[in-house]
file run-v5.txt (compact mmCIF, C-alpha atoms)
# COMPACT_ATOMS: atom_id res chain seq x y z
CA MET A 30 4.43 84.33 73.00
CA ARG A 31 1.84 81.98 71.54
CA LEU A 32 4.50 79.29 71.11
CA ARG A 33 5.89 79.75 74.60
CA LEU A 34 2.45 79.47 76.17
CA THR A 35 1.75 76.31 74.20
CA GLU A 36 5.04 74.93 75.45
CA ALA A 37 4.11 75.81 79.03
CA ILE A 38 0.74 74.07 78.77
CA LEU A 39 2.38 70.98 77.30
CA SER A 40 5.12 70.96 79.93
CA ASP A 41 2.53 71.25 82.72
CA ASN A 42 0.70 68.31 81.17
CA ASP A 43 3.94 66.36 80.81
CA ALA A 44 4.65 66.66 84.53
CA ALA A 45 1.21 65.26 85.40
CA ALA A 46 1.66 62.52 82.80
CA ALA A 47 5.02 61.52 84.32
CA ALA A 48 3.36 61.17 87.73
CA ASN A 49 0.60 59.02 86.23
CA ARG A 50 3.20 56.84 84.51
CA GLU A 51 5.11 56.41 87.76
CA ALA A 52 1.94 55.43 89.66
CA VAL A 53 0.74 52.80 87.22
CA THR A 54 4.23 51.42 86.59
CA GLN A 55 4.83 50.98 90.33
CA ALA A 56 1.52 49.11 90.55
CA GLY A 57 2.51 46.86 87.63
CA ILE A 58 -0.32 48.16 85.47
CA THR A 59 -0.34 48.46 81.69
CA MET A 60 -2.16 51.69 80.75
CA LEU A 61 -3.11 52.32 77.12
CA ASN A 62 -4.58 55.48 75.56
CA MET A 63 -7.14 54.64 72.89
CA MET A 64 -7.84 57.33 70.34
CA GLY A 65 -9.90 57.47 67.15
CA SER A 66 -12.62 59.33 65.29
CA PRO A 67 -16.09 59.71 66.75
CA GLY A 68 -17.90 56.51 65.82
CA SER A 69 -14.82 54.39 65.09
CA GLY A 70 -16.08 51.99 67.76
CA LYS A 71 -13.63 52.56 70.61
CA THR A 72 -16.24 51.79 73.27
CA SER A 73 -17.45 48.69 71.42
CA VAL A 74 -13.90 47.33 71.21
CA ILE A 75 -13.41 48.00 74.93
CA GLU A 76 -16.72 46.25 75.73
CA GLN A 77 -15.53 43.22 73.75
CA LEU A 78 -12.16 43.16 75.55
CA VAL A 79 -13.75 43.58 78.99
CA SER A 80 -16.31 40.84 78.40
CA ARG A 81 -13.52 38.40 77.45
CA GLN A 82 -11.28 39.02 80.46
CA ASP A 83 -10.94 35.85 82.53
CA ALA A 84 -8.94 36.94 85.53
CA GLY A 85 -10.34 40.44 85.96
CA GLY A 86 -8.09 43.35 86.74
CA PHE A 87 -9.39 45.65 84.02
CA ALA A 88 -10.54 49.22 84.51
CA VAL A 89 -11.54 51.90 82.01
CA ILE A 90 -11.29 55.69 82.07
CA GLU A 91 -13.83 57.20 79.69
CA GLY A 92 -13.30 60.64 78.18
CA ASP A 93 -16.25 62.34 76.52
CA ILE A 94 -17.34 65.89 75.82
CA ALA A 95 -20.79 65.08 77.23
CA THR A 96 -22.86 62.20 78.66
CA ASP A 97 -21.82 59.19 80.78
CA ARG A 98 -23.16 56.67 78.28
CA ASP A 99 -19.77 55.07 77.60
CA ALA A 100 -18.92 54.44 81.26
CA ALA A 101 -22.36 52.86 81.73
CA ARG A 102 -21.73 50.56 78.75
CA VAL A 103 -18.33 49.49 80.11
CA ARG A 104 -19.73 48.82 83.60
CA ALA A 105 -22.49 46.71 82.07
CA ALA A 106 -19.78 44.74 80.24
CA GLY A 107 -18.10 44.00 83.58
CA ALA A 108 -15.32 46.46 84.45
CA PRO A 109 -15.14 49.51 86.73
CA ALA A 110 -15.26 52.71 84.69
CA ILE A 111 -14.66 56.35 85.59
CA GLN A 112 -16.31 58.93 83.35
CA ILE A 113 -14.59 62.23 82.62
CA ASN A 114 -16.60 64.93 80.83
CA THR A 115 -14.40 67.51 79.14
CA ASP A 116 -17.25 70.01 78.61
CA GLY A 117 -16.21 70.84 75.09
CA ALA A 118 -12.46 70.14 75.23
CA CYS A 119 -11.20 68.06 72.34
CA HIS A 120 -8.84 65.73 74.25
CA LEU A 121 -8.14 64.39 77.74
CA ALA A 122 -5.42 65.98 79.86
CA ALA A 123 -3.08 64.15 82.25
CA LYS A 124 -4.52 65.84 85.35
CA GLN A 125 -7.99 64.52 84.54
CA VAL A 126 -6.53 61.02 84.26
CA ALA A 127 -4.72 61.51 87.60
CA ARG A 128 -8.03 62.23 89.32
CA ALA A 129 -9.60 59.16 87.72
CA LEU A 130 -6.65 56.96 88.76
CA SER A 131 -7.06 58.14 92.35
CA GLU A 132 -10.56 56.64 92.33
CA LEU A 133 -9.41 53.21 91.10
CA PRO A 134 -8.05 50.31 93.22
CA LEU A 135 -4.66 50.29 91.48
CA GLN A 136 -3.25 47.34 93.44
CA GLN A 137 -5.99 45.09 92.07
CA LEU A 138 -5.56 46.11 88.43
CA ARG A 139 -3.37 44.90 85.57
CA LEU A 140 -4.81 46.84 82.62
CA VAL A 141 -6.24 50.36 82.45
CA LEU A 142 -7.71 51.46 79.13
CA ILE A 143 -8.22 55.18 78.61
CA GLU A 144 -10.79 56.01 75.96
CA ASN A 145 -9.97 59.48 74.71
CA VAL A 146 -12.46 61.98 73.26
CA GLY A 147 -13.46 61.00 69.72
CA ASN A 148 -10.87 62.90 67.69
CA LEU A 149 -8.10 61.68 65.41
CA VAL A 150 -6.03 64.84 65.78
CA CYS A 151 -5.78 66.58 69.14
CA PRO A 152 -5.26 63.63 71.54
CA THR A 153 -2.06 62.84 69.59
CA SER A 154 -0.25 65.76 71.24
CA PHE A 155 -1.09 65.03 74.88
CA ASP A 156 0.75 62.43 76.95
CA LEU A 157 -1.50 61.00 79.67
CA GLY A 158 1.16 58.75 81.21
CA GLU A 159 0.19 55.76 79.11
CA LEU A 160 2.52 52.99 77.96
CA GLY A 161 1.35 53.66 74.41
CA LYS A 162 -1.38 55.06 72.20
CA VAL A 163 -3.67 52.71 70.28
CA VAL A 164 -5.37 54.16 67.21
CA VAL A 165 -8.84 52.78 66.49
CA THR A 166 -10.11 53.34 62.97
CA SER A 167 -12.87 51.54 61.09
CA VAL A 168 -13.62 50.18 57.64
CA PRO A 169 -16.41 52.67 56.71
CA GLU A 170 -14.05 55.59 57.45
CA GLY A 171 -12.02 54.64 54.37
CA ASP A 172 -8.62 53.16 53.60
CA GLU A 173 -6.81 56.50 53.27
CA LYS A 174 -6.97 57.53 56.93
CA PRO A 175 -3.30 56.73 57.75
CA GLU A 176 -2.15 59.08 54.98
CA LYS A 177 -4.60 61.83 55.87
CA TYR A 178 -3.99 61.73 59.65
CA PRO A 179 -0.32 60.67 59.77
CA GLY A 180 0.36 62.16 63.21
CA ALA A 181 -2.01 59.79 64.97
CA PHE A 182 -0.80 56.71 63.11
CA ARG A 183 2.88 57.63 63.51
CA LYS A 184 2.59 57.92 67.30
CA ALA A 185 0.58 54.72 67.76
CA CYS A 186 2.01 51.58 69.38
CA ALA A 187 -0.76 49.61 67.65
CA VAL A 188 -3.54 50.13 65.12
CA VAL A 189 -7.00 48.57 65.42
CA LEU A 190 -9.06 48.38 62.23
CA ASN A 191 -12.62 47.90 63.47
CA LYS A 192 -15.90 46.96 61.68
CA MET A 193 -14.29 44.32 59.45
CA ASP A 194 -17.81 42.87 59.05
CA LEU A 195 -18.68 45.89 56.85
CA LEU A 196 -15.96 45.11 54.26
CA PRO A 197 -18.46 43.54 51.81
CA HIS A 198 -20.65 46.66 51.91
CA VAL A 199 -18.19 49.52 51.38
CA ARG A 200 -15.31 50.44 49.10
CA PHE A 201 -12.18 49.76 51.15
CA ASP A 202 -8.85 48.50 49.79
CA LEU A 203 -7.50 46.38 52.64
CA GLY A 204 -4.16 45.88 50.90
CA ALA A 205 -3.69 49.62 50.49
CA PHE A 206 -4.63 50.24 54.13
CA ARG A 207 -2.14 47.63 55.36
CA ALA A 208 0.59 49.11 53.16
CA SER A 209 -0.07 52.64 54.46
CA CYS A 210 0.11 51.51 58.07
CA ARG A 211 3.38 49.71 57.33
CA ASP A 212 4.85 52.74 55.55
CA ILE A 213 3.90 55.22 58.26
CA ASN A 214 4.63 53.07 61.31
CA PRO A 215 6.34 49.76 60.53
CA SER A 216 6.68 48.66 64.17
CA ALA A 217 3.01 49.00 65.17
CA PRO A 218 1.01 45.77 64.97
CA LEU A 219 -2.31 45.96 63.10
CA PHE A 220 -5.34 44.19 64.55
CA GLU A 221 -8.29 43.70 62.20
CA VAL A 222 -11.38 43.22 64.35
CA SER A 223 -15.16 43.11 64.34
CA CYS A 224 -17.30 43.69 67.41
CA GLN A 225 -20.19 41.99 65.61
CA THR A 226 -18.44 38.70 64.83
CA GLY A 227 -15.71 38.83 67.48
CA GLU A 228 -13.01 38.52 64.79
CA GLY A 229 -9.58 39.56 66.03
CA ILE A 230 -10.62 40.50 69.58
CA GLU A 231 -8.79 37.58 71.25
CA GLU A 232 -5.59 38.52 69.43
CA LEU A 233 -5.92 42.15 70.50
CA LEU A 234 -6.57 41.11 74.10
CA ALA A 235 -3.60 38.72 74.10
CA TRP A 236 -1.33 41.48 72.79
CA MET A 237 -2.51 43.93 75.47
CA LEU A 238 -1.94 41.37 78.20
CA SER A 239 1.54 40.62 76.84
CA LEU A 240 2.63 44.21 77.46
CA ARG A 241 4.27 44.72 80.82
CA PRO A 242 5.33 48.12 82.09
CA ALA A 243 9.06 48.38 82.83
CA THR A 244 9.35 48.68 86.62
CA GLY A 245 12.04 50.27 88.77
CA MET B 2 -3.71 84.79 80.90
CA ARG B 3 -4.56 81.57 79.13
CA LEU B 4 -8.13 82.76 78.70
CA ARG B 5 -7.09 86.18 77.45
CA LEU B 6 -4.75 84.71 74.86
CA THR B 7 -7.47 82.34 73.65
CA GLU B 8 -9.77 85.34 73.32
CA ALA B 9 -7.11 87.20 71.34
CA ILE B 10 -6.63 84.30 68.93
CA LEU B 11 -10.39 83.98 68.43
CA SER B 12 -10.81 87.71 67.95
CA ASP B 13 -8.00 87.77 65.35
CA ASN B 14 -9.78 84.93 63.56
CA ASP B 15 -13.13 86.71 63.81
CA ALA B 16 -11.75 89.78 62.03
CA ALA B 17 -10.52 87.65 59.12
CA ALA B 18 -13.84 85.78 59.08
CA ALA B 19 -15.78 89.05 58.87
CA ALA B 20 -13.69 90.11 55.86
CA ASN B 21 -14.36 86.73 54.17
CA ARG B 22 -18.08 87.10 54.85
CA GLU B 23 -18.10 90.59 53.37
CA ALA B 24 -16.26 89.40 50.23
CA VAL B 25 -18.54 86.46 49.47
CA THR B 26 -21.73 88.33 50.38
CA GLN B 27 -20.80 91.20 48.04
CA ALA B 28 -20.26 88.65 45.27
CA GLY B 29 -23.65 87.03 45.98
CA ILE B 30 -22.03 83.75 46.98
CA THR B 31 -23.39 81.27 49.51
CA MET B 32 -20.44 79.86 51.49
CA LEU B 33 -20.97 76.83 53.75
CA ASN B 34 -18.51 75.25 56.20
CA MET B 35 -18.83 71.46 56.22
CA MET B 36 -17.55 69.70 59.31
CA GLY B 37 -17.65 66.10 60.50
CA SER B 38 -15.57 63.18 61.77
CA PRO B 39 -12.78 61.72 59.67
CA GLY B 40 -14.49 59.24 57.35
CA SER B 41 -18.01 60.64 57.67
CA GLY B 42 -17.95 61.12 53.90
CA LYS B 43 -17.70 64.89 53.55
CA THR B 44 -15.72 64.65 50.30
CA SER B 45 -18.07 62.03 48.86
CA VAL B 46 -21.09 64.23 49.56
CA ILE B 47 -19.32 67.19 47.92
CA GLU B 48 -18.44 65.04 44.88
CA GLN B 49 -22.11 64.08 44.55
CA LEU B 50 -23.26 67.70 44.80
CA VAL B 51 -20.65 68.93 42.31
CA SER B 52 -21.47 66.23 39.77
CA ARG B 53 -25.18 67.20 39.89
CA GLN B 54 -24.70 70.94 39.38
CA ASP B 55 -26.32 72.06 36.16
CA ALA B 56 -25.40 75.68 35.87
CA GLY B 57 -21.89 75.54 37.36
CA GLY B 58 -20.72 78.19 39.75
CA PHE B 59 -19.48 75.80 42.44
CA ALA B 60 -16.05 75.88 44.06
CA VAL B 61 -14.59 73.93 46.95
CA ILE B 62 -11.97 74.78 49.56
CA GLU B 63 -10.47 71.59 50.99
CA GLY B 64 -8.89 71.53 54.45
CA ASP B 65 -6.74 68.56 55.38
CA ILE B 66 -3.87 67.91 57.73
CA ALA B 67 -1.96 66.23 54.90
CA THR B 68 -2.32 65.21 51.23
CA ASP B 69 -4.16 66.86 48.35
CA ARG B 70 -6.30 63.81 47.64
CA ASP B 71 -9.60 65.52 48.37
CA ALA B 72 -9.00 68.50 46.08
CA ALA B 73 -8.05 66.07 43.30
CA ARG B 74 -11.30 64.15 43.84
CA VAL B 75 -13.39 67.33 43.69
CA ARG B 76 -11.65 68.55 40.52
CA ALA B 77 -12.29 65.17 38.92
CA ALA B 78 -15.99 65.58 39.84
CA GLY B 79 -16.04 68.92 37.99
CA ALA B 80 -15.43 71.91 40.26
CA PRO B 81 -12.39 74.08 40.96
CA ALA B 82 -10.84 73.15 44.31
CA ILE B 83 -8.18 74.80 46.44
CA GLN B 84 -6.34 72.52 48.86
CA ILE B 85 -5.19 73.83 52.24
CA ASN B 86 -2.88 71.63 54.32
CA THR B 87 -2.93 72.53 58.00
CA ASP B 88 0.23 70.54 58.81
CA GLY B 89 -1.20 69.05 61.97
CA ALA B 90 -3.70 71.75 62.97
CA CYS B 91 -7.11 70.38 63.87
CA HIS B 92 -9.29 72.98 62.12
CA LEU B 93 -9.21 75.60 59.37
CA ALA B 94 -8.66 79.26 60.25
CA ALA B 95 -10.29 82.24 58.54
CA LYS B 96 -6.96 83.56 57.15
CA GLN B 97 -6.37 80.28 55.32
CA VAL B 98 -9.81 80.58 53.76
CA ALA B 99 -9.06 84.21 52.80
CA ARG B 100 -6.00 83.07 50.84
CA ALA B 101 -8.03 80.36 49.12
CA LEU B 102 -10.82 82.84 48.23
CA SER B 103 -8.23 85.13 46.64
CA GLU B 104 -7.40 82.34 44.19
CA LEU B 105 -11.03 81.78 43.14
CA PRO B 106 -13.01 83.69 40.44
CA LEU B 107 -15.61 84.99 42.91
CA GLN B 108 -17.69 86.84 40.31
CA GLN B 109 -18.38 83.55 38.53
CA LEU B 110 -19.42 81.60 41.62
CA ARG B 111 -22.68 81.08 43.47
CA LEU B 112 -21.72 78.38 46.00
CA VAL B 113 -18.44 77.81 47.86
CA LEU B 114 -18.22 74.70 50.03
CA ILE B 115 -15.46 74.60 52.62
CA GLU B 116 -14.56 71.09 53.73
CA ASN B 117 -13.01 71.44 57.17
CA VAL B 118 -10.43 69.09 58.72
CA GLY B 119 -12.05 65.81 59.82
CA ASN B 120 -12.96 66.65 63.40
CA LEU B 121 -16.31 66.93 65.14
CA VAL B 122 -15.01 69.20 67.89
CA CYS B 123 -12.49 71.92 67.10
CA PRO B 124 -13.90 73.41 63.86
CA THR B 125 -17.05 74.28 65.85
CA SER B 126 -15.26 77.19 67.55
CA PHE B 127 -13.81 78.89 64.48
CA ASP B 128 -15.83 81.18 62.23
CA LEU B 129 -14.50 81.14 58.66
CA GLY B 130 -16.95 83.73 57.32
CA GLU B 131 -19.46 81.13 56.21
CA LEU B 132 -23.22 81.59 56.01
CA GLY B 133 -23.57 78.48 58.16
CA LYS B 134 -21.97 75.25 59.31
CA VAL B 135 -23.22 71.92 57.98
CA VAL B 136 -22.50 68.86 60.13
CA VAL B 137 -21.92 65.64 58.21
CA THR B 138 -22.26 62.45 60.23
CA SER B 139 -22.82 58.89 59.03
CA VAL B 140 -24.84 55.82 59.93
CA PRO B 141 -21.89 53.60 61.00
CA GLU B 142 -20.75 56.28 63.49
CA GLY B 143 -23.84 55.53 65.60
CA ASP B 144 -27.10 57.23 66.47
CA GLU B 145 -25.83 58.88 69.68
CA LYS B 146 -23.46 61.38 68.04
CA PRO B 147 -25.71 64.45 68.54
CA GLU B 148 -25.81 63.82 72.30
CA LYS B 149 -22.09 63.09 72.57
CA TYR B 150 -20.93 66.04 70.43
CA PRO B 151 -23.66 68.60 71.17
CA GLY B 152 -21.52 71.65 70.34
CA ALA B 153 -21.21 70.73 66.67
CA PHE B 154 -24.88 69.85 66.25
CA ARG B 155 -26.06 72.92 68.16
CA LYS B 156 -24.12 75.30 65.90
CA ALA B 157 -25.15 73.63 62.63
CA CYS B 158 -27.52 75.24 60.15
CA ALA B 159 -28.16 71.75 58.72
CA VAL B 160 -27.31 68.13 59.49
CA VAL B 161 -26.41 65.57 56.82
CA LEU B 162 -26.74 61.91 57.79
CA ASN B 163 -24.62 60.07 55.24
CA LYS B 164 -24.23 56.34 54.34
CA MET B 165 -27.96 55.57 54.62
CA ASP B 166 -27.24 52.52 52.44
CA LEU B 167 -25.48 50.92 55.43
CA LEU B 168 -28.63 51.01 57.63
CA PRO B 169 -29.39 47.31 57.07
CA HIS B 170 -25.88 46.33 58.18
CA VAL B 171 -25.38 48.22 61.44
CA ARG B 172 -27.28 48.95 64.64
CA PHE B 173 -28.65 52.45 64.22
CA ASP B 174 -31.94 53.75 65.61
CA LEU B 175 -33.04 56.29 63.01
CA GLY B 176 -35.98 57.45 65.14
CA ALA B 177 -33.67 58.12 68.08
CA PHE B 178 -31.20 60.00 65.85
CA ARG B 179 -33.95 62.19 64.40
CA ALA B 180 -35.31 62.93 67.88
CA SER B 181 -31.82 63.90 69.16
CA CYS B 182 -31.25 66.27 66.26
CA ARG B 183 -34.64 67.85 66.88
CA ASP B 184 -33.98 68.22 70.61
CA ILE B 185 -30.54 69.76 70.19
CA ASN B 186 -31.24 71.96 67.19
CA PRO B 187 -34.91 72.15 66.18
CA SER B 188 -34.39 74.65 63.36
CA ALA B 189 -31.72 72.72 61.43
CA PRO B 190 -33.04 70.61 58.55
CA LEU B 191 -31.85 66.97 58.44
CA PHE B 192 -30.86 65.45 55.10
CA GLU B 193 -30.58 61.66 54.99
CA VAL B 194 -28.33 60.79 52.07
CA SER B 195 -26.32 58.02 50.43
CA CYS B 196 -23.45 58.63 48.03
CA GLN B 197 -23.84 55.04 46.80
CA THR B 198 -27.51 55.23 45.81
CA GLY B 199 -27.81 59.02 45.42
CA GLU B 200 -30.64 59.12 47.98
CA GLY B 201 -31.25 62.60 49.34
CA ILE B 202 -28.52 64.38 47.34
CA GLU B 203 -30.94 66.34 45.14
CA GLU B 204 -32.80 67.59 48.21
CA LEU B 205 -29.53 68.67 49.84
CA LEU B 206 -28.44 70.44 46.65
CA ALA B 207 -31.80 72.22 46.31
CA TRP B 208 -31.59 73.42 49.91
CA MET B 209 -28.05 74.76 49.39
CA LEU B 210 -29.10 76.59 46.22
CA SER B 211 -32.10 78.08 48.02
CA LEU B 212 -29.83 79.88 50.49
CA ARG B 213 -29.00 83.40 49.47
CA PRO B 214 -26.58 85.56 51.41
CA ALA B 215 -28.13 88.78 52.69
CA THR B 216 -26.51 91.59 50.71
CA GLY B 217 -25.89 95.20 51.56

call {"tool": "encode", "arguments": {"input": "run-v5.txt", "output": "C-alpha cells"}}
result
Amino acid sequence: MRLRLTEAILSDNDAAAAANREAVTQAGITMLNMMGSPGSGKTSVIEQLVSRQDAGGFAVIEGDIATDRDAARVRAAGAPAIQINTDGACHLAAKQVARALSELPLQQLRLVLIENVGNLVCPTSFDLGELGKVVVTSVPEGDEKPEKYPGAFRKACAVVLNKMDLLPHVRFDLGAFRASCRDINPSAPLFEVSCQTGEGIEELLAWMLSLRPATG
Amino acid sequence: MRLRLTEAILSDNDAAAAANREAVTQAGITMLNMMGSPGSGKTSVIEQLVSRQDAGGFAVIEGDIATDRDAARVRAAGAPAIQINTDGACHLAAKQVARALSELPLQQLRLVLIENVGNLVCPTSFDLGELGKVVVTSVPEGDEKPEKYPGAFRKACAVVLNKMDLLPHVRFDLGAFRASCRDINPSAPLFEVSCQTGEGIEELLAWMLSLRPATG
C-alpha cells in the first residue's frame, strides 16, 4: 500500500511536470532544475549567470523552505524571480512550478532556472518539467560527493563544481572528483566555477544558452 | 489518506525510537543524532571527537545513501562504527538504528553518535531514540542557514558551526549567525569548531560527556 501510494503521488507529479514541459517547450524556453546541498552556492551561481546575460530573457523560480531572500537576491541581480516557500517540504513539486510559470511572461523568456530546495537527495526523484537537472556542489563539501550521493549525479545533465577559489584552503582532490563524475555520469559536462573570481561562469552560461528545447 | 499514512509511518518509527531510547538509557548511554548538509563535515567532527576520547566508550552509527567510507574513517580514528546504507533514502529510520545498536557492546559504551544522511531537512522529522539532535553546519555554507532551514535548528539541542578556519576566505557574518541561532533556538549551545586547527573540539566533547541520560 505504501508503494502504491508513493507511485500515485509520483504519477500525479509526473502529469503536472508533463504539462510544464509542454508549456515551456511551446514557448521555446530552456528550463533547468538546479539542485544541490544547502550552501553549495546555487543562488550565487544564478546571480552570476543573470548578471552576465546580454539579451535578457532570463527568469528564476526560487524554492525554499522559508524566507524570500533568494528571490530578492536574483531580482537585485537583474531577472524576474518567483519565490515558492515549501513550508518544510524537502523538494519542489511540479504543481508549484506550474503556478510560478503562470506568473511569468513566457513569450519573452528563453531561459528559466529553477532553484530547488537545498537538498542533494529528495529533489532527484521529482520531475518538474525541466529539460534537465543541474547538480551544484562545492569544493568545501569534499571530493567524495559523487560517490556518496550517486542518485543526484547520475540523473544530472551537467555538474557545477562551485567555490573553486577555496581549493588552496581545503583538502580536495580535483583529479579524484573529475574521475568520479566521469565514472558515474560520463555524458554530463563538468563546469568548475567560482562566484568570487568569475572563473567558469561564461562557459556555464554559454552551455545553458546552447541548449534548445525540442519543439513540436 | 495521504496524511493518515504519513502519521502511520511516523508512529511506527516512534515505537522503534522509544525502544532504542529505553535500551540506551538503561545502559547509561548518551546517544546523539548528528544531522547537517552533505559536506558540512559531520564525519570530520566525529573523527576529532573520537581521537580525543581518553577513557573510550564511544561508538558511531554511520548513515549514508551509499559507500562505507565514513565508517572506515571512524574506525581508523579509533571507535567501533556500524555503517547503514539507506540505498537512496534521505534519512535514517529508528529500526535501522535498532539493528545497529544490537551489534554494539552497549554495556561498555557511554556515548553513541549517530551520523545521519547528509540532509538538513528530512532527518528533522524522524526520532531515532536519541537524547537530542545536533545540527552541524559550516562557514562556507553561509550565515543565513538557520533562517532558511528553521526546522532543523529549532529541533536541535546544540549547534556546531564547523570550518571556522575558512572564515578569512569567505563572506560570513559571524555576529548575524550567532544572533539567528539565538533567535530560533535560545537554549541550544553553539560550538564554533575547526577540524583543521582543533578549535572548539574539546569544548564540544566536554559538553557531550556532561550529558547524562535520565534513568529509571

call {"tool": "closest_residue", "arguments": {"input": "run-v5.txt", "among": "A:Gly147, A:Gly65, A:Gly117, A:Gly107", "to": "Ile94 (chain A)", "atoms": "all atoms listed in the file"}}
result
A:Gly117

call {"tool": "closest_residue", "arguments": {"input": "run-v5.txt", "among": "A:Ala181, A:Ala122, A:Ala205, A:Met237", "to": "chain B", "atoms": "all atoms listed in the file"}}
result
A:Ala181

call {"tool": "closest_residue", "arguments": {"input": "run-v5.txt", "among": "A:Lys192, A:Arg33, A:Lys177, A:Arg81", "to": "chain B", "atoms": "all atoms listed in the file"}}
result
A:Lys177

call {"tool": "interface_residues", "arguments": {"input": "run-v5.txt", "of": "chain A", "to": "chain B", "cutoff": "9 Å", "atoms": "only C-alpha atoms", "output": "PyMOL selection string"}}
result
chain A and resi 31+34+66-70+93-96+98+117-119+147-151+167+169-171+174+176-180+192+194-195+198-199

call {"tool": "residues_around", "arguments": {"input": "run-v5.txt", "residues": "Asp41 (chain A)", "least_positions_apart": "5", "cutoff": "12 Å", "atoms": "all atoms listed in the file", "output": "list in words"}}
result
Leu34, Thr35, Glu36, Ala46, Ala47, Ala48, Ala122, Ala123, Lys124, Phe155, Asp156 and Leu157 of chain A

call {"tool": "residues_around", "arguments": {"input": "run-v5.txt", "residues": "region 111-117 of chain B", "least_positions_apart": "5", "cutoff": "7 Å", "atoms": "all atoms listed in the file", "output": "list of chain:residue names"}}
result
B:Gly29, B:Ile30, B:Thr31, B:Met32, B:Leu33, B:Asn34, B:Met35, B:Met36, B:Lys43, B:Gly58, B:Phe59, B:Ala60, B:Val61, B:Ile62, B:Glu63, B:Gly64, B:His92, B:Leu93

call {"tool": "build_atoms", "arguments": {"input": "run-v5.txt", "residues": "region 44-63 of chain B", "atoms": "N, CA and C atoms", "output": "PDB file, in the frame of the given file"}}
result
ATOM      1  N   THR B  44     -16.161  64.497  51.694  1.00  0.00           N
ATOM      2  CA  THR B  44     -15.720  64.650  50.300  1.00  0.00           C
ATOM      3  C   THR B  44     -16.662  63.934  49.340  1.00  0.00           C
ATOM      4  N   SER B  45     -17.141  62.768  49.737  1.00  0.00           N
ATOM      5  CA  SER B  45     -18.070  62.030  48.860  1.00  0.00           C
ATOM      6  C   SER B  45     -19.359  62.805  48.644  1.00  0.00           C
ATOM      7  N   VAL B  46     -19.874  63.426  49.703  1.00  0.00           N
ATOM      8  CA  VAL B  46     -21.090  64.230  49.560  1.00  0.00           C
ATOM      9  C   VAL B  46     -20.815  65.410  48.618  1.00  0.00           C
ATOM     10  N   ILE B  47     -19.666  66.056  48.790  1.00  0.00           N
ATOM     11  CA  ILE B  47     -19.320  67.190  47.920  1.00  0.00           C
ATOM     12  C   ILE B  47     -19.182  66.728  46.462  1.00  0.00           C
ATOM     13  N   GLU B  48     -18.541  65.582  46.247  1.00  0.00           N
ATOM     14  CA  GLU B  48     -18.440  65.040  44.880  1.00  0.00           C
ATOM     15  C   GLU B  48     -19.826  64.861  44.252  1.00  0.00           C
ATOM     16  N   GLN B  49     -20.747  64.308  45.052  1.00  0.00           N
ATOM     17  CA  GLN B  49     -22.110  64.080  44.550  1.00  0.00           C
ATOM     18  C   GLN B  49     -22.795  65.400  44.197  1.00  0.00           C
ATOM     19  N   LEU B  50     -22.628  66.403  45.049  1.00  0.00           N
ATOM     20  CA  LEU B  50     -23.260  67.700  44.800  1.00  0.00           C
ATOM     21  C   LEU B  50     -22.669  68.345  43.547  1.00  0.00           C
ATOM     22  N   VAL B  51     -21.344  68.306  43.450  1.00  0.00           N
ATOM     23  CA  VAL B  51     -20.650  68.930  42.310  1.00  0.00           C
ATOM     24  C   VAL B  51     -21.071  68.265  41.009  1.00  0.00           C
ATOM     25  N   SER B  52     -21.181  66.936  41.022  1.00  0.00           N
ATOM     26  CA  SER B  52     -21.470  66.230  39.770  1.00  0.00           C
ATOM     27  C   SER B  52     -22.925  66.459  39.331  1.00  0.00           C
ATOM     28  N   ARG B  53     -23.783  66.944  40.245  1.00  0.00           N
ATOM     29  CA  ARG B  53     -25.180  67.200  39.890  1.00  0.00           C
ATOM     30  C   ARG B  53     -25.455  68.673  39.564  1.00  0.00           C
ATOM     31  N   GLN B  54     -24.450  69.527  39.656  1.00  0.00           N
ATOM     32  CA  GLN B  54     -24.700  70.940  39.380  1.00  0.00           C
ATOM     33  C   GLN B  54     -24.973  71.110  37.886  1.00  0.00           C
ATOM     34  N   ASP B  55     -26.010  71.830  37.570  1.00  0.00           N
ATOM     35  CA  ASP B  55     -26.320  72.060  36.160  1.00  0.00           C
ATOM     36  C   ASP B  55     -25.607  73.289  35.657  1.00  0.00           C
ATOM     37  N   ALA B  56     -25.797  74.374  36.393  1.00  0.00           N
ATOM     38  CA  ALA B  56     -25.400  75.680  35.870  1.00  0.00           C
ATOM     39  C   ALA B  56     -23.956  76.040  36.207  1.00  0.00           C
ATOM     40  N   GLY B  57     -23.246  75.195  36.955  1.00  0.00           N
ATOM     41  CA  GLY B  57     -21.890  75.540  37.360  1.00  0.00           C
ATOM     42  C   GLY B  57     -21.908  76.546  38.496  1.00  0.00           C
ATOM     43  N   GLY B  58     -20.789  77.187  38.712  1.00  0.00           N
ATOM     44  CA  GLY B  58     -20.720  78.190  39.750  1.00  0.00           C
ATOM     45  C   GLY B  58     -20.379  77.639  41.125  1.00  0.00           C
ATOM     46  N   PHE B  59     -19.903  76.381  41.169  1.00  0.00           N
ATOM     47  CA  PHE B  59     -19.480  75.800  42.440  1.00  0.00           C
ATOM     48  C   PHE B  59     -17.961  75.883  42.564  1.00  0.00           C
ATOM     49  N   ALA B  60     -17.472  76.062  43.783  1.00  0.00           N
ATOM     50  CA  ALA B  60     -16.050  75.880  44.060  1.00  0.00           C
ATOM     51  C   ALA B  60     -15.913  75.303  45.454  1.00  0.00           C
ATOM     52  N   VAL B  61     -14.795  74.633  45.686  1.00  0.00           N
ATOM     53  CA  VAL B  61     -14.590  73.930  46.950  1.00  0.00           C
ATOM     54  C   VAL B  61     -13.234  74.299  47.532  1.00  0.00           C
ATOM     55  N   ILE B  62     -13.222  74.553  48.834  1.00  0.00           N
ATOM     56  CA  ILE B  62     -11.970  74.780  49.560  1.00  0.00           C
ATOM     57  C   ILE B  62     -11.772  73.580  50.486  1.00  0.00           C
ATOM     58  N   GLU B  63     -10.697  72.848  50.274  1.00  0.00           N
ATOM     59  CA  GLU B  63     -10.470  71.590  50.990  1.00  0.00           C
ATOM     60  C   GLU B  63      -9.441  71.794  52.101  1.00  0.00           C
TER      61      GLU B  63
END
